[in-house]
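Novice: Quick one: this structure, given as structure tokens, is what I'll be asking you about.
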Amino acid sequence: MSEKLQTLLAGRWRDASGPEYATEYPHDGSTVATLHAATAADVDEAVQCAERARQQPSWAGLKRHERAAILHRIAAGIRERGEELAQLQRLDNGKPIKETRALVASAAGTFQFFAAACETWEDQLTPSRGDYFTLSAHEPLGVVGAITPWNSPIASEAQKLAPALAAGCAVVFKPAEITPRMAIELARIAQQAGVPDGIISVLPGKGSIVGDALVKHPLIKRIAFTGGTTVGLGIARLAAEKLMPTSLELGGKSPTIVCADADLDHAVAGVLYGIFSSSGESCIAGSRAFVHESVYAEFKARLLAGVKALRVGDPSSESTQMGPLVNPGHRASVERYVQLGLDEGGQLLAGGVRPEGAQFERGSYYTPTVIEGLSNSTRMCQEEIFGPVLALLPWRDEADLVAQCNDNVFGLASGIWTRDYKTAWRLGQALQTGTVWVNTYKVFSVSTPFGGVKMSGTGREKGRLGILEYTAQKSWYWGLNESPMPWATA
Ligand code: NAD
């Protein structure tokens with residue numbers, strides 16, 4: 001049954017001022033919620049309100065341990081509502097319930113981690129070079145904008161909100177139009193945890209209207225963006241106009257390398273999980289698997305057996321491994337890429353079609369797809385598909401392998417499967433990616449920074465020092481001279 005949603009906008013729960021729209025459950029296309037989109041005027045109101053609220057003693061006057069206490073309460077609030085949030089997230093983007101539960105747990109952990117970082121991070125007394133002492137301190141940047149995609153809302157929202165609040169900022173959120181729910185619920189939990197009114201606003205709606213107005217607003221001091229590279233580049237250009245810092249977590253086309261000595265049981269399971277979990281709608285999806293020619297045939301046979309056994313279906317089922325794609329439009333885009341791969345000379349080894357059966361009829365389902373016979377230079381191996389499509393490529397020579405892996409505009413993540421730690425170290429150093437997974441894939445820790453190189457983005461999220469991304473560093477010089485500065489004396 002569809003629900004009418006209001007949002008927290010400039011300190012009040014209400015409808016935004018733009019047109020009403022509906023969000024849909026990807027499993028069957030039913031309406032999940034109706035809500036109003038925000039307008040550029042709403043953006044201005046939310047940002048002005050946030051600027052006033054952040055200067056009030058109720059926020060600016062809090063000591064770090066007091067802000068930390070609020071973050072701990074947000075973590076507790078997420079855990080208390082954990083199952084409900086996981087179900088809501090499933091309805092928004094169709095991820096299997098097991099995955100959304102893990103995402104909710106990780107969001108709670110993110111707030112707990114940044115609560116700890118908030119009250120333990122230290123400004124520095126730097127080595128003095130004269131009759132003064134020097135201090136490097138950090139202040140909240142001000143009002144920051146957070147813009148997020150639809151694939152893992154609660155996790156990407158938490159990764160921005162937690163460090164921003166820990167740093168003492170105010171946050172204006174622009175969640176993806178089709179998945180506004182998690183940002184709205186996080187705002188509710190934060191309000192109940194003691195975040196003063198006005199410090200968080202959530203503005204659902206179109207990127208070209210709400211996102212654009214947010215990026216351009218003169219009082220927005222930073223944009224934390226996760227999304228596609230094209231949009232990210234546009235934001236970077238606008239940010240340059242006002243010298244505004246950004247973190248840009250963008251797309252990927254991540255290579256996974258299977259070496260001749262790899263434990264094939266592990267490698268097959270890792271490659272399957274790396275590409276087909278989240279239906280491949282993941283920036284770090286391992287979408288190009290380079291397999292050493294000596295084990296290629298065996299790896300391929302085992303991989304295809306694994307693909308056959310994957311449980312595609314209803315995201316509410318505990319046993320489902322792969323749910324639907326997010327909507328029919330996105331499925332059509334994935335289908336175009338598969339056709340392109342075949343036109344480019346690829347051979348279909350698995351999938352490439354919509355699954356058959358009554359349970360799949362109304363959802364945006366697609367089968368896990370494997371294609372071989374493509375050169376790494378084809379569009380299918382170069383462009384981000386953001387779906388359950390794996391290109392299988394054999395390799396022989398290590399230097400050529402590294403060149404192929406790096407021959408891509410993206411540089412988000414990579415995986416290496418080998419029993420030899422020296423091989424892993426050598427390859428990992430040569431790969432131009434922000435993350436390297438060795439004998440594992442797609443595992444995450446909030447205590448380790450995350451981000452890309454090349455067209456996969458700039459800036460880092462997570463990690464203890466992620467909090468500093470939301471601060472302005474200020475240097476202090478404290479003079480210790482007993483007498484006036486010499487040149488000024490007569
Ligand atoms: P998208 O770039 O289309 O949208 C992301 C967000 O930006 C949405 O909220 C959207 O409304 C907003 N937006 C769109 N146009 C805008 C504009 N002109 N100004 C400001 N904001 C605007 O991406 P998507 O389709 O929602 O998500 C998929 C993409 O996200 C993929 O490319 C994926 O790789 C990437 N992604 C990256 C990471 C990462 O951490 N690197 C994580 C998840 C997803």
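Residue numbers start at 1 in each chain; chains themselves are named A, B, ... in the order of the structure tokens; ligands are numbered from 1 in the order shown.
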Quick one: residues within 12 Å of A:Lys4, only C-alpha atoms counted, chain neighbours fewer than 5 positions away excluded, as a PyMOL selection string?

Specialist: chain A and resi 14-15+20-23+31-36+181

Novice: As a quick test: using only C-alpha atoms and all ligand atoms, which residues lie no more than 9 Å away from ligand 1? Give them as a compact mmCIF listing (two decimals) with N, CA and C atoms, in the first residue's frame.

Specialist:
```
# COMPACT_ATOMS: atom_id res chain seq x y z
N ALA A 146 24.86 17.26 0.20
CA ALA A 146 25.14 15.84 -0.03
C ALA A 146 24.21 15.36 -1.14
N ILE A 147 24.80 14.80 -2.19
CA ILE A 147 24.00 14.34 -3.34
C ILE A 147 24.32 12.86 -3.56
N THR A 148 23.27 12.04 -3.59
CA THR A 148 23.51 10.58 -3.59
C THR A 148 22.72 9.86 -4.68
N PRO A 149 23.20 8.66 -5.06
CA PRO A 149 22.51 7.87 -6.09
C PRO A 149 21.52 6.89 -5.45
N TRP A 150 20.93 6.05 -6.28
CA TRP A 150 19.85 5.18 -5.82
C TRP A 150 20.30 3.79 -5.41
N ASN A 151 21.57 3.45 -5.62
CA ASN A 151 21.89 2.02 -5.48
C ASN A 151 22.10 1.54 -4.04
N SER A 152 22.65 2.39 -3.16
CA SER A 152 22.82 1.96 -1.75
C SER A 152 22.49 3.11 -0.82
N PRO A 153 21.28 3.65 -0.87
CA PRO A 153 21.02 4.90 -0.17
C PRO A 153 21.47 4.95 1.28
N SER A 156 25.29 5.22 1.54
CA SER A 156 25.93 6.45 1.03
C SER A 156 25.47 7.68 1.79
N LYS A 174 20.33 15.88 -1.03
CA LYS A 174 19.57 15.67 -2.27
C LYS A 174 19.71 14.20 -2.61
N PRO A 175 18.79 13.36 -2.09
CA PRO A 175 18.88 11.94 -2.44
C PRO A 175 18.43 11.74 -3.88
N ALA A 176 18.68 10.56 -4.44
CA ALA A 176 18.20 10.25 -5.79
C ALA A 176 16.68 10.38 -5.79
N GLU A 177 16.15 10.87 -6.89
CA GLU A 177 14.71 11.12 -6.99
C GLU A 177 13.91 9.86 -6.67
N ILE A 178 14.41 8.70 -7.14
CA ILE A 178 13.61 7.47 -7.00
C ILE A 178 13.81 6.77 -5.66
N THR A 179 14.79 7.19 -4.87
CA THR A 179 15.03 6.54 -3.56
C THR A 179 15.21 7.59 -2.45
N PRO A 180 14.16 8.38 -2.16
CA PRO A 180 14.33 9.44 -1.16
C PRO A 180 14.18 8.95 0.28
N PRO A 204 14.02 16.03 -1.84
CA PRO A 204 13.87 15.06 -2.92
C PRO A 204 13.63 15.79 -4.24
N GLY A 205 13.88 15.09 -5.34
CA GLY A 205 13.57 15.70 -6.63
C GLY A 205 14.66 15.51 -7.65
N LYS A 206 14.52 16.20 -8.74
CA LYS A 206 15.42 15.99 -9.89
C LYS A 206 16.79 16.62 -9.66
N GLY A 207 17.81 15.93 -10.15
CA GLY A 207 19.16 16.46 -10.04
C GLY A 207 19.33 17.77 -10.78
N SER A 208 18.71 17.85 -11.96
CA SER A 208 18.91 19.05 -12.79
C SER A 208 18.27 20.29 -12.15
N ILE A 209 17.34 20.09 -11.22
CA ILE A 209 16.72 21.25 -10.55
C ILE A 209 17.29 21.40 -9.14
N VAL A 210 17.06 20.39 -8.31
CA VAL A 210 17.43 20.50 -6.89
C VAL A 210 18.95 20.41 -6.72
N GLY A 211 19.55 19.39 -7.37
CA GLY A 211 20.99 19.20 -7.24
C GLY A 211 21.75 20.41 -7.77
N ASP A 212 21.33 20.87 -8.92
CA ASP A 212 22.00 22.01 -9.55
C ASP A 212 21.93 23.25 -8.66
N ALA A 213 20.74 23.52 -8.11
CA ALA A 213 20.57 24.70 -7.26
C ALA A 213 21.42 24.58 -6.00
N LEU A 214 21.53 23.36 -5.50
CA LEU A 214 22.33 23.13 -4.29
C LEU A 214 23.81 23.41 -4.56
N VAL A 215 24.30 22.86 -5.66
CA VAL A 215 25.72 23.04 -5.99
C VAL A 215 26.04 24.52 -6.17
N PHE A 225 29.47 14.20 -3.24
CA PHE A 225 28.66 13.62 -4.32
C PHE A 225 29.03 12.17 -4.56
N THR A 226 28.03 11.34 -4.70
CA THR A 226 28.21 9.98 -5.21
C THR A 226 27.26 9.81 -6.38
N GLY A 227 27.77 9.36 -7.50
CA GLY A 227 26.92 9.20 -8.68
C GLY A 227 27.76 8.97 -9.92
N GLY A 228 27.17 9.24 -11.07
CA GLY A 228 27.84 8.97 -12.33
C GLY A 228 28.92 10.00 -12.66
N THR A 229 29.85 9.60 -13.53
CA THR A 229 30.99 10.47 -13.85
C THR A 229 30.55 11.72 -14.61
N THR A 230 29.56 11.61 -15.49
CA THR A 230 29.14 12.78 -16.26
C THR A 230 28.59 13.86 -15.33
N VAL A 231 27.71 13.46 -14.41
CA VAL A 231 27.15 14.44 -13.46
C VAL A 231 28.27 14.98 -12.56
N GLY A 232 29.15 14.07 -12.12
CA GLY A 232 30.26 14.49 -11.26
C GLY A 232 31.14 15.54 -11.91
N GLY A 234 30.23 17.70 -14.18
CA GLY A 234 29.46 18.96 -14.19
C GLY A 234 29.55 19.65 -12.84
N ILE A 235 29.45 18.87 -11.77
CA ILE A 235 29.55 19.45 -10.42
C ILE A 235 30.95 20.02 -10.19
N LEU A 248 34.05 13.45 -4.93
CA LEU A 248 33.31 12.91 -6.07
C LEU A 248 33.55 11.41 -6.14
N GLU A 249 32.56 10.65 -5.71
CA GLU A 249 32.64 9.18 -5.78
C GLU A 249 31.89 8.77 -7.03
N LEU A 250 32.61 8.39 -8.08
CA LEU A 250 31.97 8.25 -9.40
C LEU A 250 31.96 6.78 -9.88
N GLY A 251 31.90 6.63 -11.18
CA GLY A 251 31.68 5.30 -11.75
C GLY A 251 32.92 4.41 -11.76
N GLY A 252 32.74 3.19 -12.25
CA GLY A 252 33.86 2.25 -12.30
C GLY A 252 33.69 1.19 -13.37
N LYS A 253 34.79 0.54 -13.69
CA LYS A 253 34.78 -0.62 -14.61
C LYS A 253 35.88 -1.53 -14.10
N GLU A 281 24.47 -3.51 -9.83
CA GLU A 281 24.24 -2.05 -9.71
C GLU A 281 25.13 -1.53 -8.59
N SER A 282 26.40 -1.57 -8.86
CA SER A 282 27.39 -1.23 -7.85
C SER A 282 28.57 -0.58 -8.55
N CYS A 283 29.03 0.54 -7.98
CA CYS A 283 30.14 1.25 -8.62
C CYS A 283 31.39 0.38 -8.67
N ILE A 284 31.52 -0.54 -7.69
CA ILE A 284 32.74 -1.36 -7.59
C ILE A 284 32.54 -2.73 -8.21
N ALA A 285 31.44 -2.93 -8.94
CA ALA A 285 31.19 -4.23 -9.55
C ALA A 285 32.44 -4.67 -10.34
N HIS A 330 16.33 1.47 -16.70
CA HIS A 330 17.70 1.02 -16.47
C HIS A 330 17.92 -0.36 -17.08
N GLU A 384 30.84 1.81 -18.22
CA GLU A 384 30.14 1.27 -17.05
C GLU A 384 28.71 0.87 -17.44
N ILE A 385 28.35 -0.39 -17.18
CA ILE A 385 27.00 -0.86 -17.51
C ILE A 385 26.09 -0.75 -16.30
N PHE A 386 26.65 -0.94 -15.11
CA PHE A 386 25.89 -0.84 -13.86
C PHE A 386 24.77 -1.89 -13.82
N LEU A 412 38.43 2.77 -10.02
CA LEU A 412 37.81 2.70 -8.69
C LEU A 412 38.36 1.54 -7.86
N PHE A 450 37.83 5.33 1.33
CA PHE A 450 37.33 4.79 0.05
C PHE A 450 37.22 5.93 -0.96
N GLY A 451 37.62 5.64 -2.21
CA GLY A 451 37.47 6.62 -3.27
C GLY A 451 38.21 6.15 -4.50
N GLY A 452 38.10 6.91 -5.57
CA GLY A 452 38.69 6.47 -6.82
C GLY A 452 39.83 7.34 -7.29
N SER A 456 37.14 7.94 -11.84
CA SER A 456 36.30 7.41 -10.77
C SER A 456 36.18 8.38 -9.61
N GLY A 457 36.87 9.50 -9.69
CA GLY A 457 36.61 10.52 -8.70
C GLY A 457 37.81 11.07 -7.97
N GLU A 461 36.03 9.14 1.21
CA GLU A 461 35.07 9.05 2.29
C GLU A 461 35.55 7.97 3.25
```

Novice: Could you list, as a list of chain:residue names, every residue within 8 Å of A:Gln89, counting only C-alpha atoms and ignoring same-chain residues fewer than 2 positions away?

Specialist: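 The filter keeps A:Leu85, A:Ala86, A:Gln87, A:Leu91, A:Asp92, A:Asn93, A:Gly94, A:Lys95, A:Thr100, A:Pro153, A:Ile154, A:Arg181, A:Met182.
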
Novice: What lies within 12 Å of A:Ala305 using only C-alpha atoms, ignoring chain neighbours under 5 positions off, as a count of residues only?

Specialist: 12

Novice: Find the residues near A:Cys259: any atom within 8 Å, counting only C-alpha atoms, skip ones fewer than 6 places away on the same chain, and give them as a ChimeraX atom specification.

Specialist: /A:291-292,416-418

Novice: Given the selection you just returned, output its residues as a file containing N, CA and C atoms, formatted as a tab-separated table (two decimals), in the first residue's frame.

Specialist:
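What ended up in result_3.tsv:
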```tsv
chain	number	residue	atom	x	y	z
A	291	VAL	N	41.28	-13.81	-16.71
A	291	VAL	CA	41.60	-15.13	-16.15
A	291	VAL	C	42.80	-15.71	-16.91
A	292	HIS	N	43.80	-16.21	-16.17
A	292	HIS	CA	45.00	-16.74	-16.84
A	292	HIS	C	44.61	-17.89	-17.77
A	416	ILE	N	42.43	-9.23	-7.05
A	416	ILE	CA	43.50	-10.14	-7.47
A	416	ILE	C	43.31	-11.46	-6.72
A	417	TRP	N	43.30	-12.55	-7.49
A	417	TRP	CA	43.18	-13.88	-6.87
A	417	TRP	C	44.46	-14.65	-7.17
A	418	THR	N	45.28	-14.86	-6.15
A	418	THR	CA	46.54	-15.59	-6.29
A	418	THR	C	46.94	-16.15	-4.94
```

Novice: Hey, which bits of stretch 37-101 of chain A sit within 12 Å of stretch 116-126 of chain A, and for each residue what's the closest pair of atoms and how far apart in Å (one decimal), counting only C-alpha atoms, rows by chain and increasing number, as a Markdown table?

Specialist:
```
| residue | atom | partner | partner_atom | distance |
| --- | --- | --- | --- | --- |
| A:Leu62 | CA | A:Glu119 | CA | 11.4 |
| A:Lys63 | CA | A:Glu119 | CA | 8.5 |
| A:Arg64 | CA | A:Glu119 | CA | 5.1 |
| A:His65 | CA | A:Glu119 | CA | 4.9 |
| A:Glu66 | CA | A:Glu119 | CA | 8.3 |
| A:Arg67 | CA | A:Cys118 | CA | 7.4 |
| A:Ala68 | CA | A:Cys118 | CA | 5.8 |
| A:Ala69 | CA | A:Glu119 | CA | 9.1 |
| A:Ile70 | CA | A:Cys118 | CA | 10.7 |
| A:Leu71 | CA | A:Ala116 | CA | 8.9 |
| A:His72 | CA | A:Ala116 | CA | 8.6 |
| A:Ala75 | CA | A:Ala116 | CA | 11.7 |
```

Novice: Would you write out those residues with N, CA and C atoms, as a PDB file, in the first residue's frame?

Specialist:
```pdb
ATOM      1  N   LEU A  62      28.147  23.261  20.935  1.00  0.00           N
ATOM      2  CA  LEU A  62      28.364  21.910  21.471  1.00  0.00           C
ATOM      3  C   LEU A  62      29.845  21.559  21.468  1.00  0.00           C
ATOM      4  N   LYS A  63      30.280  20.956  22.560  1.00  0.00           N
ATOM      5  CA  LYS A  63      31.643  20.408  22.589  1.00  0.00           C
ATOM      6  C   LYS A  63      31.640  19.118  21.750  1.00  0.00           C
ATOM      7  N   ARG A  64      32.830  18.711  21.371  1.00  0.00           N
ATOM      8  CA  ARG A  64      32.892  17.535  20.488  1.00  0.00           C
ATOM      9  C   ARG A  64      32.272  16.292  21.136  1.00  0.00           C
ATOM     10  N   HIS A  65      32.514  16.118  22.434  1.00  0.00           N
ATOM     11  CA  HIS A  65      31.947  14.911  23.061  1.00  0.00           C
ATOM     12  C   HIS A  65      30.423  14.993  23.101  1.00  0.00           C
ATOM     13  N   GLU A  66      29.902  16.226  23.062  1.00  0.00           N
ATOM     14  CA  GLU A  66      28.436  16.349  23.059  1.00  0.00           C
ATOM     15  C   GLU A  66      27.880  16.009  21.662  1.00  0.00           C
ATOM     16  N   ARG A  67      28.580  16.454  20.621  1.00  0.00           N
ATOM     17  CA  ARG A  67      28.155  16.038  19.269  1.00  0.00           C
ATOM     18  C   ARG A  67      28.291  14.521  19.118  1.00  0.00           C
ATOM     19  N   ALA A  68      29.377  13.986  19.697  1.00  0.00           N
ATOM     20  CA  ALA A  68      29.589  12.532  19.609  1.00  0.00           C
ATOM     21  C   ALA A  68      28.419  11.788  20.247  1.00  0.00           C
ATOM     22  N   ALA A  69      27.930  12.311  21.360  1.00  0.00           N
ATOM     23  CA  ALA A  69      26.808  11.641  22.047  1.00  0.00           C
ATOM     24  C   ALA A  69      25.588  11.604  21.122  1.00  0.00           C
ATOM     25  N   ILE A  70      25.385  12.682  20.369  1.00  0.00           N
ATOM     26  CA  ILE A  70      24.248  12.695  19.425  1.00  0.00           C
ATOM     27  C   ILE A  70      24.458  11.634  18.349  1.00  0.00           C
ATOM     28  N   LEU A  71      25.684  11.537  17.844  1.00  0.00           N
ATOM     29  CA  LEU A  71      25.947  10.534  16.800  1.00  0.00           C
ATOM     30  C   LEU A  71      25.737   9.110  17.331  1.00  0.00           C
ATOM     31  N   HIS A  72      26.138   8.897  18.577  1.00  0.00           N
ATOM     32  CA  HIS A  72      25.889   7.568  19.174  1.00  0.00           C
ATOM     33  C   HIS A  72      24.389   7.302  19.234  1.00  0.00           C
ATOM     34  N   ALA A  75      23.176   6.260  15.878  1.00  0.00           N
ATOM     35  CA  ALA A  75      23.521   4.838  15.617  1.00  0.00           C
ATOM     36  C   ALA A  75      22.513   3.931  16.316  1.00  0.00           C
TER      37      ALA A  75
END
```

Novice: So, with only C-alpha atoms as the atoms that count, which of A:Glu99, A:Glu45, A:Glu383, A:Glu185 lies closest to A:Pro315?

Specialist: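 The shortest atom-to-atom distance to A:Pro315 comes from A:Glu99.
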
Novice: Which residues are near A:Gly363? Cut-off 12 Å, only C-alpha atoms, ignore same chain within fewer than 2 positions. Put them as a ChimeraX atom specification.

Specialist: /A:24-30,93-94,312-315,323-331,354-361,365-366

Novice: Can you write out the residues you just picked, keeping N, CA and C atoms, as a CSV table (one decimal), in the first residue's frame?

Specialist:
```
chain,number,residue,atom,x,y,z
A,24,GLU,N,8.5,3.7,-7.0
A,24,GLU,CA,8.0,2.4,-7.3
A,24,GLU,C,8.8,1.2,-6.8
A,25,TYR,N,8.2,0.1,-6.4
A,25,TYR,CA,8.9,-1.1,-6.0
A,25,TYR,C,9.4,-1.8,-7.3
A,26,PRO,N,10.7,-1.9,-7.4
A,26,PRO,CA,11.2,-2.5,-8.7
A,26,PRO,C,10.8,-4.0,-8.9
A,27,HIS,N,10.3,-4.7,-7.8
A,27,HIS,CA,9.9,-6.1,-8.0
A,27,HIS,C,8.6,-6.2,-8.8
A,28,ASP,N,7.7,-5.2,-8.6
A,28,ASP,CA,6.4,-5.4,-9.3
A,28,ASP,C,5.9,-4.0,-9.8
A,29,GLY,N,6.6,-3.0,-9.7
A,29,GLY,CA,6.2,-1.7,-10.3
A,29,GLY,C,5.1,-1.0,-9.4
A,30,SER,N,4.7,-1.6,-8.3
A,30,SER,CA,3.7,-0.9,-7.5
A,30,SER,C,4.2,0.3,-6.8
A,93,ASN,N,14.6,0.3,-3.7
A,93,ASN,CA,15.5,0.0,-4.9
A,93,ASN,C,15.5,-1.5,-5.2
A,94,GLY,N,14.7,-2.3,-4.5
A,94,GLY,CA,14.6,-3.7,-4.9
A,94,GLY,C,15.8,-4.6,-4.6
A,312,VAL,N,17.8,-15.9,-8.5
A,312,VAL,CA,17.3,-14.6,-8.9
A,312,VAL,C,15.8,-14.5,-8.5
A,313,GLY,N,15.4,-13.5,-7.8
A,313,GLY,CA,13.9,-13.5,-7.5
A,313,GLY,C,13.5,-12.4,-6.6
A,314,ASP,N,12.4,-12.6,-5.9
A,314,ASP,CA,11.8,-11.7,-5.0
A,314,ASP,C,12.7,-11.2,-4.0
A,315,PRO,N,13.0,-9.9,-3.9
A,315,PRO,CA,13.9,-9.3,-2.9
A,315,PRO,C,13.5,-9.5,-1.5
A,323,GLY,N,18.2,-9.5,-7.0
A,323,GLY,CA,16.8,-9.0,-7.2
A,323,GLY,C,16.7,-8.4,-8.6
A,324,PRO,N,15.6,-7.6,-8.7
A,324,PRO,CA,15.4,-6.9,-10.0
A,324,PRO,C,16.4,-5.8,-10.2
A,325,LEU,N,16.5,-5.3,-11.4
A,325,LEU,CA,17.2,-4.0,-11.6
A,325,LEU,C,16.2,-2.9,-11.2
A,326,VAL,N,16.8,-1.7,-11.1
A,326,VAL,CA,16.0,-0.6,-10.3
A,326,VAL,C,14.7,-0.2,-11.0
A,327,ASN,N,14.7,-0.2,-12.4
A,327,ASN,CA,13.5,0.2,-13.1
A,327,ASN,C,13.6,-0.2,-14.6
A,328,PRO,N,12.5,-0.2,-15.3
A,328,PRO,CA,12.5,-0.6,-16.7
A,328,PRO,C,13.5,0.1,-17.5
A,329,GLY,N,13.6,1.4,-17.3
A,329,GLY,CA,14.5,2.3,-18.1
A,329,GLY,C,16.0,1.8,-17.9
A,330,HIS,N,16.3,1.5,-16.7
A,330,HIS,CA,17.7,1.0,-16.5
A,330,HIS,C,17.9,-0.4,-17.1
A,331,ARG,N,16.9,-1.2,-17.0
A,331,ARG,CA,17.0,-2.5,-17.6
A,331,ARG,C,17.2,-2.4,-19.1
A,354,ARG,N,15.6,-11.7,-20.2
A,354,ARG,CA,14.8,-11.5,-19.0
A,354,ARG,C,14.4,-12.9,-18.5
A,355,PRO,N,14.4,-13.1,-17.2
A,355,PRO,CA,14.0,-14.4,-16.8
A,355,PRO,C,12.5,-14.7,-17.1
A,356,GLU,N,12.2,-15.9,-17.3
A,356,GLU,CA,10.7,-16.2,-17.6
A,356,GLU,C,10.0,-16.7,-16.3
A,357,GLY,N,8.7,-16.5,-16.3
A,357,GLY,CA,7.9,-16.9,-15.1
A,357,GLY,C,7.1,-15.8,-14.6
A,358,ALA,N,5.9,-16.2,-14.0
A,358,ALA,CA,5.0,-15.2,-13.5
A,358,ALA,C,5.6,-14.2,-12.5
A,359,GLN,N,6.5,-14.7,-11.7
A,359,GLN,CA,7.0,-13.9,-10.6
A,359,GLN,C,7.9,-12.7,-11.2
A,360,PHE,N,8.4,-12.9,-12.4
A,360,PHE,CA,9.3,-11.9,-13.0
A,360,PHE,C,8.5,-10.9,-13.9
A,361,GLU,N,7.3,-11.1,-14.1
A,361,GLU,CA,6.6,-10.4,-15.2
A,361,GLU,C,6.5,-8.9,-15.0
A,365,TYR,N,13.4,-7.4,-14.0
A,365,TYR,CA,14.4,-8.5,-13.8
A,365,TYR,C,15.2,-8.7,-15.1
A,366,TYR,N,16.5,-9.2,-14.8
A,366,TYR,CA,17.4,-9.5,-15.9
A,366,TYR,C,18.3,-10.7,-15.4
```

Novice: Apply DSSP to the structure's backbone, then extract all residues of stretch 36-236 of chain A labelled strand (DSSP E) and return them as a PyMOL selection string.

Specialist: chain A and resi 36+124-130+132-140+143-147+170-174+200-202+220-226

Novice: Which of these, A:Ala332, A:Met244, A:Ile184, A:Met485, has the shortest distance to A:Pro218 once you count only C-alpha atoms?

Specialist: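 Once distances to A:Pro218 are computed over only C-alpha atoms, the minimum belongs to A:Met244.
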
Novice: Of the residues A:Val389, A:Leu233, A:Ala107, A:Leu348, which is the one nearest to A:Val446, using only C-alpha atoms?

Specialist: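 Using only C-alpha atoms, A:Val446 sits closest to A:Ala107.
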
Novice: Go through A:Ala430, A:Val409, A:Val438, A:Ala289 and flag the residue nearest A:Trp395, using only C-alpha atoms for the distances.

Specialist: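 Closest to A:Trp395, using only C-alpha atoms: A:Ala289.
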